[in-house]
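Worksheet: one structure, shown below.
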Amino acid sequence: MMIISLVNQKGGVGKTTIAINLGIGLARRNFKVGFLDTDPQGTASQWQSIEGNVAFEVRRHPSPVSYEDIKDANRNYGLLVIDTPPAIGEITLSVLAYSDLAIIPLAPSVLDIWSSRTTIGMIEEAKKANSILEGKLLVSRKVPRTRLGRDGREAIAALEMDVFETEISQRIAYVESMIAGVSVFQYAPKSEAAKEIEDLCEEILQGMQMKSQTG
Ligand SMILES: Nc1ncnc2c1ncn2[C@@H]1O[C@H](COP(=O)(O)OP(=O)(O)O)[C@@H](O)[C@H]1O
Ligand SMILES: [Mg+2]
């Protein structure tokens with residue numbers, strides 16, 4: 001059982017968009033993926049309720065998760081993706097207590113980089129009780145071919161946390177696929193967006209493999 005959560009106290013950084021696409025990307029690779037929507041705003045649940053959507057089950061759970069909740073999910077799935085609210089609070093802290101990997105999406109802008117420090121601090125705190133937790137930053141909503149996009153990585157390095165090589169750009173396919181109630185794989189299989197999510201899946205799985213080899 002692997003638990004991957006998307007966290008950042010800031011809203012609008014792409015947590016929900018990435019969580020859904022990542023979940024579907026991993027399901028396409030034959031993982032039995034479960035999805036927990038712990039955001040009281042229920043964005044992922046709304047996405048799932050779009051007519052005809054049968055991608056996977058999104059469970060609404062707008063409150064802190066317990067060991068029982070995780071064990072329950074564990075019975076049915078090999079991999080659990082958890083979307084969290086845009087706030088520092090009990091819900092996110094409870095999710096971090098059970099996560100193997102916490103992905104922190106952040107836009108490559110100074111303001112986002114500064115505000116991510118609080119989220120990183122929360123992960124450091126959670127690590128004290130959950131020693132398997134790994135936090136990793138993910139460049140999100142990067143505007144392709146701009147100086148800001150290029151310089152962003154350098155600024156992010158100052159946060160002194162692992163960063164995914166894969167970067168998620170600002171692309172219309174992400175927005176339109178959500179509206180259509182599907183992932184970028186169904187909406188635009190040959191798009192750059194689909195390739196980015198595919199790369200992200202690959203990078204996560206490689207990281208998992210390395211971990212299991214080194215124990
Ligand atoms: N990579 C992207 N490219 C374009 N629009 C995006 C991208 N990621 C997110 N968005 C849009 O930005 C808004 C916030 O994204 P969302 O995934 O809900 O962020 P969060 O869950 O962190 O609040 C939504 O309208 C979404 O469609
Ligand atoms: Mg969200």
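By convention in this document, the chains of the structure tokens carry letters A, B, ... by their order, each chain's residues are numbered from 1, and ligands are numbered from 1 in the order they are shown.
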Checklist entry - Got a sec: who's within 8 Å of A:Leu137, counting only C-alpha atoms, leaving out chain neighbours fewer than 5 positions off, as a ChimeraX atom specification? => result /A:103-106,161-164
Give me the residues near A:Thr118 as a PDB file with all heavy atoms, in the first residue's frame, where near means some atom within 12 Å (using only C-alpha atoms) and where sequence neighbours in that chain fewer than 3 positions away do not count.
```pdb
ATOM      1  N   VAL A   7      -0.317  18.190  -1.150  1.00  0.00           N
ATOM      2  CA  VAL A   7      -0.501  19.197  -0.106  1.00  0.00           C
ATOM      3  C   VAL A   7       0.143  20.526  -0.469  1.00  0.00           C
ATOM      4  O   VAL A   7       1.182  20.588  -1.112  1.00  0.00           O
ATOM      5  CB  VAL A   7       0.084  18.729   1.263  1.00  0.00           C
ATOM      6  CG1 VAL A   7      -0.643  17.521   1.804  1.00  0.00           C
ATOM      7  CG2 VAL A   7       1.566  18.440   1.167  1.00  0.00           C
ATOM      8  N   ASN A   8      -0.524  21.569  -0.093  1.00  0.00           N
ATOM      9  CA  ASN A   8       0.017  22.926  -0.093  1.00  0.00           C
ATOM     10  C   ASN A   8      -1.062  23.798   0.510  1.00  0.00           C
ATOM     11  O   ASN A   8      -2.215  23.744   0.091  1.00  0.00           O
ATOM     12  CB  ASN A   8       0.374  23.420  -1.504  1.00  0.00           C
ATOM     13  CG  ASN A   8       1.198  24.705  -1.449  1.00  0.00           C
ATOM     14  OD1 ASN A   8       0.995  25.548  -0.582  1.00  0.00           O
ATOM     15  ND2 ASN A   8       2.127  24.862  -2.375  1.00  0.00           N
ATOM     16  N   GLN A   9      -0.680  24.539   1.495  1.00  0.00           N
ATOM     17  CA  GLN A   9      -1.660  25.365   2.206  1.00  0.00           C
ATOM     18  C   GLN A   9      -2.294  26.392   1.277  1.00  0.00           C
ATOM     19  O   GLN A   9      -3.377  26.901   1.535  1.00  0.00           O
ATOM     20  CB  GLN A   9      -0.971  26.042   3.394  1.00  0.00           C
ATOM     21  CG  GLN A   9      -0.767  27.507   3.225  1.00  0.00           C
ATOM     22  CD  GLN A   9       0.628  27.954   3.651  1.00  0.00           C
ATOM     23  OE1 GLN A   9       1.622  27.250   3.518  1.00  0.00           O
ATOM     24  NE2 GLN A   9       0.687  29.134   4.169  1.00  0.00           N
ATOM     25  N   LYS A  10      -1.596  26.690   0.173  1.00  0.00           N
ATOM     26  CA  LYS A  10      -2.097  27.684  -0.761  1.00  0.00           C
ATOM     27  C   LYS A  10      -3.092  27.018  -1.722  1.00  0.00           C
ATOM     28  O   LYS A  10      -2.847  25.897  -2.185  1.00  0.00           O
ATOM     29  CB  LYS A  10      -0.927  28.265  -1.550  1.00  0.00           C
ATOM     30  CG  LYS A  10      -1.243  29.539  -2.293  1.00  0.00           C
ATOM     31  CD  LYS A  10       0.059  30.214  -2.728  1.00  0.00           C
ATOM     32  CE  LYS A  10      -0.201  31.569  -3.339  1.00  0.00           C
ATOM     33  NZ  LYS A  10      -0.832  31.504  -4.649  1.00  0.00           N
ATOM     34  N   ALA A  87      -5.352  24.562   3.262  1.00  0.00           N
ATOM     35  CA  ALA A  87      -5.200  25.151   4.588  1.00  0.00           C
ATOM     36  C   ALA A  87      -4.298  24.282   5.429  1.00  0.00           C
ATOM     37  O   ALA A  87      -4.183  23.088   5.195  1.00  0.00           O
ATOM     38  CB  ALA A  87      -6.566  25.262   5.261  1.00  0.00           C
ATOM     39  N   ILE A  88      -3.650  24.911   6.376  1.00  0.00           N
ATOM     40  CA  ILE A  88      -2.892  24.153   7.362  1.00  0.00           C
ATOM     41  C   ILE A  88      -3.892  23.825   8.438  1.00  0.00           C
ATOM     42  O   ILE A  88      -4.549  24.705   8.970  1.00  0.00           O
ATOM     43  CB  ILE A  88      -1.803  25.045   7.988  1.00  0.00           C
ATOM     44  CG1 ILE A  88      -0.820  25.463   6.925  1.00  0.00           C
ATOM     45  CG2 ILE A  88      -1.155  24.345   9.173  1.00  0.00           C
ATOM     46  CD1 ILE A  88       0.460  24.729   6.929  1.00  0.00           C
ATOM     47  N   GLY A  89      -4.035  22.585   8.737  1.00  0.00           N
ATOM     48  CA  GLY A  89      -5.010  22.241   9.767  1.00  0.00           C
ATOM     49  C   GLY A  89      -4.995  20.764  10.037  1.00  0.00           C
ATOM     50  O   GLY A  89      -4.167  20.033   9.497  1.00  0.00           O
ATOM     51  N   ILE A 104       4.186  18.428  -3.087  1.00  0.00           N
ATOM     52  CA  ILE A 104       3.824  19.831  -2.858  1.00  0.00           C
ATOM     53  C   ILE A 104       3.921  20.586  -4.170  1.00  0.00           C
ATOM     54  O   ILE A 104       4.999  21.001  -4.589  1.00  0.00           O
ATOM     55  CB  ILE A 104       4.788  20.476  -1.838  1.00  0.00           C
ATOM     56  CG1 ILE A 104       4.865  19.620  -0.584  1.00  0.00           C
ATOM     57  CG2 ILE A 104       4.382  21.900  -1.506  1.00  0.00           C
ATOM     58  CD1 ILE A 104       6.227  19.659   0.066  1.00  0.00           C
ATOM     59  N   ASP A 112       4.680  32.200  -4.334  1.00  0.00           N
ATOM     60  CA  ASP A 112       4.342  30.798  -4.063  1.00  0.00           C
ATOM     61  C   ASP A 112       5.481  30.095  -3.343  1.00  0.00           C
ATOM     62  O   ASP A 112       5.254  29.249  -2.485  1.00  0.00           O
ATOM     63  CB  ASP A 112       4.054  30.059  -5.382  1.00  0.00           C
ATOM     64  CG  ASP A 112       2.592  30.147  -5.743  1.00  0.00           C
ATOM     65  OD1 ASP A 112       2.006  31.219  -5.512  1.00  0.00           O
ATOM     66  OD2 ASP A 112       2.055  29.143  -6.238  1.00  0.00           O
ATOM     67  N   ILE A 113       6.685  30.450  -3.724  1.00  0.00           N
ATOM     68  CA  ILE A 113       7.846  29.806  -3.112  1.00  0.00           C
ATOM     69  C   ILE A 113       7.928  30.192  -1.634  1.00  0.00           C
ATOM     70  O   ILE A 113       8.124  29.350  -0.768  1.00  0.00           O
ATOM     71  CB  ILE A 113       9.134  30.164  -3.892  1.00  0.00           C
ATOM     72  CG1 ILE A 113       9.068  29.527  -5.290  1.00  0.00           C
ATOM     73  CG2 ILE A 113      10.376  29.695  -3.144  1.00  0.00           C
ATOM     74  CD1 ILE A 113      10.080  30.051  -6.280  1.00  0.00           C
ATOM     75  N   TRP A 114       7.717  31.458  -1.349  1.00  0.00           N
ATOM     76  CA  TRP A 114       7.722  31.906   0.051  1.00  0.00           C
ATOM     77  C   TRP A 114       6.633  31.221   0.854  1.00  0.00           C
ATOM     78  O   TRP A 114       6.868  30.718   1.944  1.00  0.00           O
ATOM     79  CB  TRP A 114       7.527  33.421   0.140  1.00  0.00           C
ATOM     80  CG  TRP A 114       8.719  34.190  -0.310  1.00  0.00           C
ATOM     81  CD1 TRP A 114      10.000  33.744  -0.383  1.00  0.00           C
ATOM     82  CD2 TRP A 114       8.754  35.563  -0.742  1.00  0.00           C
ATOM     83  NE1 TRP A 114      10.823  34.738  -0.850  1.00  0.00           N
ATOM     84  CE2 TRP A 114      10.090  35.864  -1.078  1.00  0.00           C
ATOM     85  CE3 TRP A 114       7.773  36.552  -0.883  1.00  0.00           C
ATOM     86  CZ2 TRP A 114      10.480  37.114  -1.542  1.00  0.00           C
ATOM     87  CZ3 TRP A 114       8.157  37.800  -1.338  1.00  0.00           C
ATOM     88  CH2 TRP A 114       9.498  38.082  -1.672  1.00  0.00           C
ATOM     89  N   SER A 115       5.428  31.207   0.292  1.00  0.00           N
ATOM     90  CA  SER A 115       4.307  30.675   1.073  1.00  0.00           C
ATOM     91  C   SER A 115       4.414  29.162   1.249  1.00  0.00           C
ATOM     92  O   SER A 115       3.783  28.590   2.134  1.00  0.00           O
ATOM     93  CB  SER A 115       2.973  31.062   0.442  1.00  0.00           C
ATOM     94  OG  SER A 115       2.737  30.258  -0.681  1.00  0.00           O
ATOM     95  N   GLY A 121       7.396  23.235   6.429  1.00  0.00           N
ATOM     96  CA  GLY A 121       7.562  23.131   7.883  1.00  0.00           C
ATOM     97  C   GLY A 121       6.629  22.090   8.475  1.00  0.00           C
ATOM     98  O   GLY A 121       7.001  21.314   9.359  1.00  0.00           O
ATOM     99  N   MET A 122       5.420  22.050   7.934  1.00  0.00           N
ATOM    100  CA  MET A 122       4.431  21.094   8.422  1.00  0.00           C
ATOM    101  C   MET A 122       4.870  19.662   8.100  1.00  0.00           C
ATOM    102  O   MET A 122       4.661  18.741   8.894  1.00  0.00           O
ATOM    103  CB  MET A 122       3.088  21.404   7.747  1.00  0.00           C
ATOM    104  CG  MET A 122       1.927  20.637   8.282  1.00  0.00           C
ATOM    105  SD  MET A 122       0.362  21.281   7.656  1.00  0.00           S
ATOM    106  CE  MET A 122       0.615  21.204   5.903  1.00  0.00           C
ATOM    107  N   ILE A 123       5.487  19.487   6.948  1.00  0.00           N
ATOM    108  CA  ILE A 123       5.966  18.154   6.571  1.00  0.00           C
ATOM    109  C   ILE A 123       7.122  17.734   7.481  1.00  0.00           C
ATOM    110  O   ILE A 123       7.181  16.592   7.947  1.00  0.00           O
ATOM    111  CB  ILE A 123       6.346  18.130   5.078  1.00  0.00           C
ATOM    112  CG1 ILE A 123       5.055  18.171   4.264  1.00  0.00           C
ATOM    113  CG2 ILE A 123       7.168  16.886   4.743  1.00  0.00           C
ATOM    114  CD1 ILE A 123       5.224  18.234   2.792  1.00  0.00           C
ATOM    115  N   GLU A 124       8.018  18.661   7.756  1.00  0.00           N
ATOM    116  CA  GLU A 124       9.128  18.360   8.671  1.00  0.00           C
ATOM    117  C   GLU A 124       8.584  17.922  10.028  1.00  0.00           C
ATOM    118  O   GLU A 124       9.082  16.985  10.636  1.00  0.00           O
ATOM    119  CB  GLU A 124      10.047  19.577   8.826  1.00  0.00           C
ATOM    120  CG  GLU A 124      10.785  19.982   7.541  1.00  0.00           C
ATOM    121  CD  GLU A 124      11.546  18.823   6.887  1.00  0.00           C
ATOM    122  OE1 GLU A 124      12.078  17.958   7.619  1.00  0.00           O
ATOM    123  OE2 GLU A 124      11.580  18.768   5.637  1.00  0.00           O
ATOM    124  N   GLU A 125       7.542  18.610  10.462  1.00  0.00           N
ATOM    125  CA  GLU A 125       6.917  18.289  11.742  1.00  0.00           C
ATOM    126  C   GLU A 125       6.297  16.884  11.705  1.00  0.00           C
ATOM    127  O   GLU A 125       6.486  16.089  12.624  1.00  0.00           O
ATOM    128  CB  GLU A 125       5.839  19.353  12.038  1.00  0.00           C
ATOM    129  CG  GLU A 125       5.331  19.397  13.454  1.00  0.00           C
ATOM    130  CD  GLU A 125       6.423  19.619  14.491  1.00  0.00           C
ATOM    131  OE1 GLU A 125       7.382  20.378  14.196  1.00  0.00           O
ATOM    132  OE2 GLU A 125       6.328  19.025  15.576  1.00  0.00           O
ATOM    133  N   LEU A 159      14.659  26.252  -1.187  1.00  0.00           N
ATOM    134  CA  LEU A 159      13.785  25.650  -0.176  1.00  0.00           C
ATOM    135  C   LEU A 159      14.391  24.382   0.418  1.00  0.00           C
ATOM    136  O   LEU A 159      13.893  23.851   1.410  1.00  0.00           O
ATOM    137  CB  LEU A 159      12.408  25.326  -0.785  1.00  0.00           C
ATOM    138  CG  LEU A 159      11.550  26.534  -1.163  1.00  0.00           C
ATOM    139  CD1 LEU A 159      10.314  26.081  -1.930  1.00  0.00           C
ATOM    140  CD2 LEU A 159      11.137  27.312   0.066  1.00  0.00           C
TER     141      LEU A 159
END
```
Item to check | Contacts of A:Ser109 within 12 Å, only C-alpha atoms, excl. fewer than 3 positions in-chain, as a PyMOL selection string | outcome: chain A and resi 13+105-106+112-116+139-143+146-156
Checklist entry - How would you write, as a PyMOL selection string, the set of residues no farther than 7 Å from ligand 1 when counting only C-alpha atoms and all ligand atoms? => result chain A and resi 8+10-18+43+86+140-141+168-172+174-175+178
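Distances from A:Ala188, A:Ala129, A:Val65, A:Met1 to A:Asp39 were compared using only C-alpha atoms, and the smallest one belongs to A:Val65.
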Item to check | Near-stretch 198-202 of chain A list (6 Å; only C-alpha atoms; drop same-chain fewer than 3 positions) as a count of residues only | outcome: 3
